[in-house]
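Here the structure comes first, spelled out in structure tokens, and everything after it is commentary.
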There are 2 protein chains.
Amino acid sequence: TYDRFTLILNLTYNFLFPQKLKDWVAIENDSNDPSKRQQLINMMHSAGESIKKLGGTVEMVDLGTQKLCNEQNISLPPVILANIGKDPTKLTVCFYGHLDVQPAKIEDGWSNDPYILTEKNGNLYGRGTSDDKGQILAVLNAVEALQRHELPVNVKFLLEGMEEVGSTGLPTLVEQRNSTFFSDVDYIVVTDTSWLSNKPGITYGTRGNCYFLIEVECSKQDLHSGAFGGIVHEAMSDLIFLLDTLVNSSGHIQIPGIYEAVSPLTDQEKKLYEETEYDLDGIKAKYGIDRFIYKTKEELLIRRSRYPSLSIHGIEGAFSEPGTKTVIPARVIGKFSVRLVPNMEPSVVKKQVTDSLNEKFAERNSPNRVKITSEYGSKPWLSGTSDPQYLAAKKAIKRVFGVDADMIHVGGTLPIASHFQEVTGKSIMLLGIGGPDDAAHGQDEKISRINFIEGIKLYAAFLQELASL
Amino acid sequence: TYDRFTLILNLTYNFLFPQKLKDWVAIENDSNDPSKRQQLINMMHSAGESIKKLGGTVEMVDLGTQKLCNEQNISLPPVILANIGKDPTKLTVCFYGHLDVQPAKIEDGWSNDPYILTEKNGNLYGRGTSDDKGQILAVLNAVEALQRHELPVNVKFLLEGMEEVGSTGLPTLVEQRNSTFFSDVDYIVVTDTSWLSNKPGITYGTRGNCYFLIEVECSKQDLHSGAFGGIVHEAMSDLIFLLDTLVNSSGHIQIPGIYEAVSPLTDQEKKLYEETEYDLDGIKAKYGIDRFIYKTKEELLIRRSRYPSLSIHGIEGAFSEPGTKTVIPARVIGKFSVRLVPNMEPSVVKKQVTDSLNEKFAERNSPNRVKITSEYGSKPWLSGTSDPQYLAAKKAIKRVFGVDADMIHVGGTLPIASHFQEVTGKSIMLLGIGGPDDAAHGQDEKISRINFIEGIKLYAAFLQELASL
């Protein structure tokens, strides 16, 4: 039966599938940008229709509104709860994914319009191709292909539209539907992940994340640096000072106590890192990185997934355009985030970061107004790797790609994974089809055509293997 | 004769003049923004036509092209060299001003569209109303009013369109035309200045300025902070570190040797600062500044004009929009400037700043690519205050406003003033009509209607007083 649907896939869908991805990529549904909210809502409805076409039952769950910082209320995108098949003799697998995307503008340095799917050298470029529209579409395509023979399991979908800004409203919904929607679910598969190398991988852990804003205000309006330079305490120099207290040149976080909760690495974990593929030189060349902070593959893998990190993302309110402007910005907001690992608690990290910054600022004796806020905090997640769905995924990878699966602990964050585990108690697995160089949050995000097409086969094979275990 | 044109002005022009200012403000000619270049060129031609309507002879000087950082060449705006009147028995006064403006977008926090002149509570709001379109227009209006009786001096104009980005090409032009256009000029009056309080003032000195860019690159494209956080030397933390070495919380510049060239303050200078009006509490309330770095009026005046200062303006290439984005920016450019005072030399300051940053960066042992460049460097300027044109301006202020003039040393920069002095050897004076709270480079830039109308009278009275000395 595998060979039969492989044949159908190769002949029929190799050309059809990317067309649907093109339609989805064309929807500019950045969840960060309130002006794109209607497109985000449209995207959710379009995905709901796609599931209905496969014979699914779809509920569009209204999560109410979101209050913006200007006090305006805008609608949250609906969440999709859907099922295809309700055979009580079969296992039920629930796929989770998100349809919103990160910000993208051609001026950021994209080679092509990020919202026009562009094929080049075997890659499909566009915002969301890999993270996560393309991967959800691959699951839908796999279901469609299996249906031509027989869908070996019942499939459920939980698809959201606010993942890139912290899955607003979703944790509560999972709790509310734990005894209904999730009651007959045997396994939860998260599509929102990628491989660490060109070798297909299964992800068993993610880091958590706390996002912070430091707002400093020195005046009600921007000042001329000629007229006020030298006599006012400038908001920018206070902010630069505060940001410079966060992390040293070796990436070591300077917040007192922050490493205390990090749980010791086990021998079993060490072994998994040793077995994982990670092409140091390839990644350095691809991204133009001269030197990593650590030298060996194992150290790098451990540091990027099993230790916390702090990155400074940018500053809002200062002069950020090309050219020169001699302004003293009135109000600036520094943005950074801390990735968390077991057993760091977001609430503790928030307190440690806020206390440290407040203490440093007090030493500075500046009259400026400072406000430290945290946008969201999500826990790290780490799973056992011998559950049946992990075995089925390994078999499927071997069958479709002919290689042993990489077992991956990613450095990114998927707050919903740890939440699924805590609330439902089900087995959680991350099975993605994106490559290591897909630039999920960067310019020229892509998925390779091979990953996309073979990925569809992988999801189909996984469901077959799981049913026949 | 003064009363006669005063009457004409009050009756006829109080309503007419702001209309012309409205037309000029509507031209979005930010010289920083290459996409606005055609509007900038249009602005120059429109001003040329206005001078021709007053019977002037106008030369539009082509300064060639400007190479952008992307290697593209775009046209520089022409410079206007014009004269109205050529009577060898009269004195000749040359007015310098600029018609380009600073960047302005309503999203920056303007109450109204910055390019639509908006009158509210006696103020005329819009980009360029004060800096410097409004002030040039006031001189043209003064000439027009005087012509109804008799123009008492020959008037020349040197008007440029690249002042806000460092007067590209102008210094060379001044040198080239020194023995022709400038040969019969007796006095040079710069309009590009404002009063320090509500009391009308004459400016006898400005600070210089060196603008610096620190570019740090850690990769060829932005990275995901989940996948790379903790293993790459991030460009942003290197940049934040470098920016934090520049100035301390008291505004003291941390560049070794930078204060060495500052010339000692004379007793005469101290006296001028003591006599100058500066409404500390009013300015604090107006701009929402809680506390200045210095306490007394004299200290503040000295620090804002007679000592160097360093301001950090912003960062290009990092995440600068509202919302959250978990990016590790690949290439970031920090921007700051140093205001210079006698006898600091731009070339020396450039070396001191570059050496200090390079030394600090070397200590950091980062593999990232760093490039420190300086966009422009302009000298400070300080003039004697007993030249005839200073006496005429003082008399004119007394006549129009009934008060003694403030003698002002501004903290801003007017590179062309020191250049005029060096090249032509003529007497230079800054006579503006803008108020202290006009927000020249900030949001809601304005000129008050009273300053604009009485300012026209001031320029007219100044020319009359100068002719009758």
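Chain labels run A, B, ... following the order of the structure tokens; each chain numbers its residues from 1, and ligands are numbered from 1 in the order shown.
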Using only C-alpha atoms, determine which residues lie at most 12 Å from B:Leu68, disregarding the query and same-chain residues fewer than 3 positions distant; provide the list as a ChimeraX atom specification. /A:322-323 /B:32-35,65,71-76
Residues of stretch 160-204 of chain B in strand (DSSP E) according to DSSP, as JSON, numbers by chain? {"B": [160, 187, 188, 189, 190, 201, 202, 203, 204]}
Long-range neighbours of stretch 187-199 of chain B as a PyMOL selection string, 8 Å cut-off, only C-alpha atoms, 2 positions minimum in chain: chain B and resi 92-98+131-132+135-136+185+201-203+277-279+389+403+405-406+408+410+414+417+426-436
So that I have them on file, write out the residues from the current selection with N, CA, C and O atoms, as a CSV table (one decimal), in the first residue's frame.
```csv
chain,number,residue,atom,x,y,z
B,92,THR,N,26.1,95.4,0.7
B,92,THR,CA,25.5,94.2,0.2
B,92,THR,C,25.5,93.1,1.3
B,92,THR,O,26.5,92.8,1.9
B,93,VAL,N,24.3,92.6,1.6
B,93,VAL,CA,24.1,91.6,2.6
B,93,VAL,C,23.7,90.3,2.0
B,93,VAL,O,22.8,90.2,1.2
B,94,CYS,N,24.5,89.2,2.3
B,94,CYS,CA,24.1,87.9,1.7
B,94,CYS,C,23.5,87.1,2.8
B,94,CYS,O,24.0,86.9,3.9
B,95,PHE,N,22.3,86.6,2.5
B,95,PHE,CA,21.5,85.7,3.4
B,95,PHE,C,21.8,84.2,3.0
B,95,PHE,O,21.6,83.9,1.8
B,96,TYR,N,22.2,83.5,4.0
B,96,TYR,CA,22.3,82.0,3.8
B,96,TYR,C,21.2,81.3,4.5
B,96,TYR,O,20.8,81.6,5.6
B,97,GLY,N,20.6,80.3,3.8
B,97,GLY,CA,19.6,79.4,4.5
B,97,GLY,C,19.5,78.1,3.8
B,97,GLY,O,20.1,77.9,2.7
B,98,HIS,N,18.7,77.2,4.3
B,98,HIS,CA,18.5,75.9,3.6
B,98,HIS,C,17.1,75.6,3.5
B,98,HIS,O,16.3,75.9,4.4
B,131,ASP,N,12.7,75.5,10.8
B,131,ASP,CA,14.1,75.0,10.3
B,131,ASP,C,14.0,74.5,8.9
B,131,ASP,O,13.8,73.3,8.7
B,132,ASP,N,14.2,75.3,7.9
B,132,ASP,CA,14.6,76.7,7.9
B,132,ASP,C,13.7,77.4,6.8
B,132,ASP,O,13.9,78.6,6.6
B,135,GLN,N,12.1,80.7,7.9
B,135,GLN,CA,13.0,81.9,8.2
B,135,GLN,C,13.4,82.5,6.8
B,135,GLN,O,13.6,83.7,6.7
B,136,ILE,N,13.7,81.6,5.8
B,136,ILE,CA,14.1,82.1,4.5
B,136,ILE,C,12.9,82.9,3.9
B,136,ILE,O,13.1,84.0,3.4
B,185,VAL,N,30.2,91.2,-1.3
B,185,VAL,CA,29.4,91.0,-0.1
B,185,VAL,C,30.1,91.6,1.1
B,185,VAL,O,31.3,91.4,1.3
B,201,GLY,N,17.0,86.9,19.9
B,201,GLY,CA,18.4,86.8,20.1
B,201,GLY,C,19.2,86.8,18.8
B,201,GLY,O,18.7,86.6,17.7
B,202,ILE,N,20.5,87.1,19.0
B,202,ILE,CA,21.5,87.1,17.9
B,202,ILE,C,22.5,86.0,18.3
B,202,ILE,O,23.0,86.0,19.4
B,203,THR,N,22.8,85.2,17.3
B,203,THR,CA,23.8,84.1,17.6
B,203,THR,C,25.2,84.4,17.1
B,203,THR,O,25.3,84.7,15.9
B,277,GLU,N,19.1,84.9,28.6
B,277,GLU,CA,17.9,84.3,29.2
B,277,GLU,C,17.7,82.8,28.8
B,277,GLU,O,18.0,82.5,27.7
B,278,TYR,N,17.4,82.0,29.8
B,278,TYR,CA,17.2,80.6,29.6
B,278,TYR,C,16.2,80.1,30.6
B,278,TYR,O,16.6,80.0,31.8
B,279,ASP,N,15.0,79.8,30.2
B,279,ASP,CA,14.0,79.5,31.2
B,279,ASP,C,14.0,78.0,31.6
B,279,ASP,O,13.2,77.2,31.0
B,389,GLN,N,27.2,94.7,11.7
B,389,GLN,CA,25.9,94.0,11.5
B,389,GLN,C,25.3,93.5,12.8
B,389,GLN,O,24.1,93.4,13.0
B,403,VAL,N,12.9,95.3,23.2
B,403,VAL,CA,13.8,94.7,24.2
B,403,VAL,C,15.2,94.6,23.8
B,403,VAL,O,15.5,94.7,22.5
B,405,ALA,N,18.6,92.6,22.8
B,405,ALA,CA,18.8,91.3,22.2
B,405,ALA,C,19.6,90.4,23.2
B,405,ALA,O,20.5,90.8,23.9
B,406,ASP,N,19.2,89.1,23.2
B,406,ASP,CA,20.0,88.1,23.8
B,406,ASP,C,21.2,87.8,22.9
B,406,ASP,O,21.0,87.7,21.7
B,408,ILE,N,23.5,85.0,21.8
B,408,ILE,CA,23.4,83.5,22.0
B,408,ILE,C,24.6,82.7,21.4
B,408,ILE,O,25.1,83.0,20.3
B,410,VAL,N,24.8,78.9,20.5
B,410,VAL,CA,23.9,77.8,20.4
B,410,VAL,C,24.8,76.5,20.5
B,410,VAL,O,25.9,76.4,20.1
B,414,LEU,N,26.3,74.5,12.6
B,414,LEU,CA,26.1,75.1,11.4
B,414,LEU,C,27.5,75.2,10.7
B,414,LEU,O,28.1,76.2,10.7
B,417,ALA,N,28.8,78.1,8.7
B,417,ALA,CA,29.2,79.4,9.4
B,417,ALA,C,30.7,79.5,9.5
B,417,ALA,O,31.3,80.5,9.1
B,426,LYS,N,34.7,87.4,5.8
B,426,LYS,CA,33.7,88.4,6.1
B,426,LYS,C,33.1,88.2,7.5
B,426,LYS,O,33.3,87.2,8.1
B,427,SER,N,32.4,89.2,7.9
B,427,SER,CA,31.7,89.1,9.2
B,427,SER,C,30.4,88.2,9.0
B,427,SER,O,29.6,88.4,8.1
B,428,ILE,N,30.3,87.3,9.9
B,428,ILE,CA,29.2,86.3,9.9
B,428,ILE,C,28.3,86.5,11.1
B,428,ILE,O,28.8,86.7,12.2
B,429,MET,N,27.0,86.5,10.9
B,429,MET,CA,26.1,86.6,12.0
B,429,MET,C,24.9,85.7,11.8
B,429,MET,O,24.5,85.5,10.7
B,430,LEU,N,24.4,85.1,12.9
B,430,LEU,CA,23.2,84.3,12.8
B,430,LEU,C,22.0,85.1,13.4
B,430,LEU,O,22.0,85.4,14.5
B,431,LEU,N,21.0,85.3,12.5
B,431,LEU,CA,19.9,86.1,12.9
B,431,LEU,C,18.6,85.3,12.5
B,431,LEU,O,18.3,85.3,11.4
B,432,GLY,N,18.0,84.6,13.5
B,432,GLY,CA,16.8,83.8,13.2
B,432,GLY,C,15.6,84.4,13.9
B,432,GLY,O,15.7,85.3,14.7
B,433,ILE,N,14.5,83.9,13.6
B,433,ILE,CA,13.2,84.3,14.2
B,433,ILE,C,12.5,83.2,14.8
B,433,ILE,O,11.3,83.4,15.3
B,434,GLY,N,13.1,82.0,14.8
B,434,GLY,CA,12.4,80.8,15.4
B,434,GLY,C,12.4,80.9,17.0
B,434,GLY,O,13.4,81.5,17.5
B,435,GLY,N,11.4,80.3,17.6
B,435,GLY,CA,11.4,80.4,19.1
B,435,GLY,C,12.1,79.2,19.7
B,435,GLY,O,12.6,78.3,19.0
B,436,PRO,N,12.3,79.2,21.0
B,436,PRO,CA,13.1,78.2,21.7
B,436,PRO,C,12.4,76.8,21.7
B,436,PRO,O,13.1,75.8,22.0
```
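Those residues that approach stretch 101-112 of chain A to within 9 Å, counting only C-alpha atoms, are Glu28, Asn29, Asp30, Ser31, Asn32, Asp33, Thr118, Tyr125, Gly126, Arg127, Gly128, Asp131, Asp132, Lys133, Gly161, Met162, Glu163, Glu164, Val165, Ala440, His441, Gly442, Gln443, Asp444 and Glu445 of chain A; Gln221, Gly317 and Lys325 of chain B; same-chain residues fewer than 6 positions away are not listed.
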Atom CA of B:Glu321 and atom CA of B:Glu375, how far apart in Å?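 Atom CA of B:Glu321 lies at a distance of 25.2 Å from atom CA of B:Glu375.
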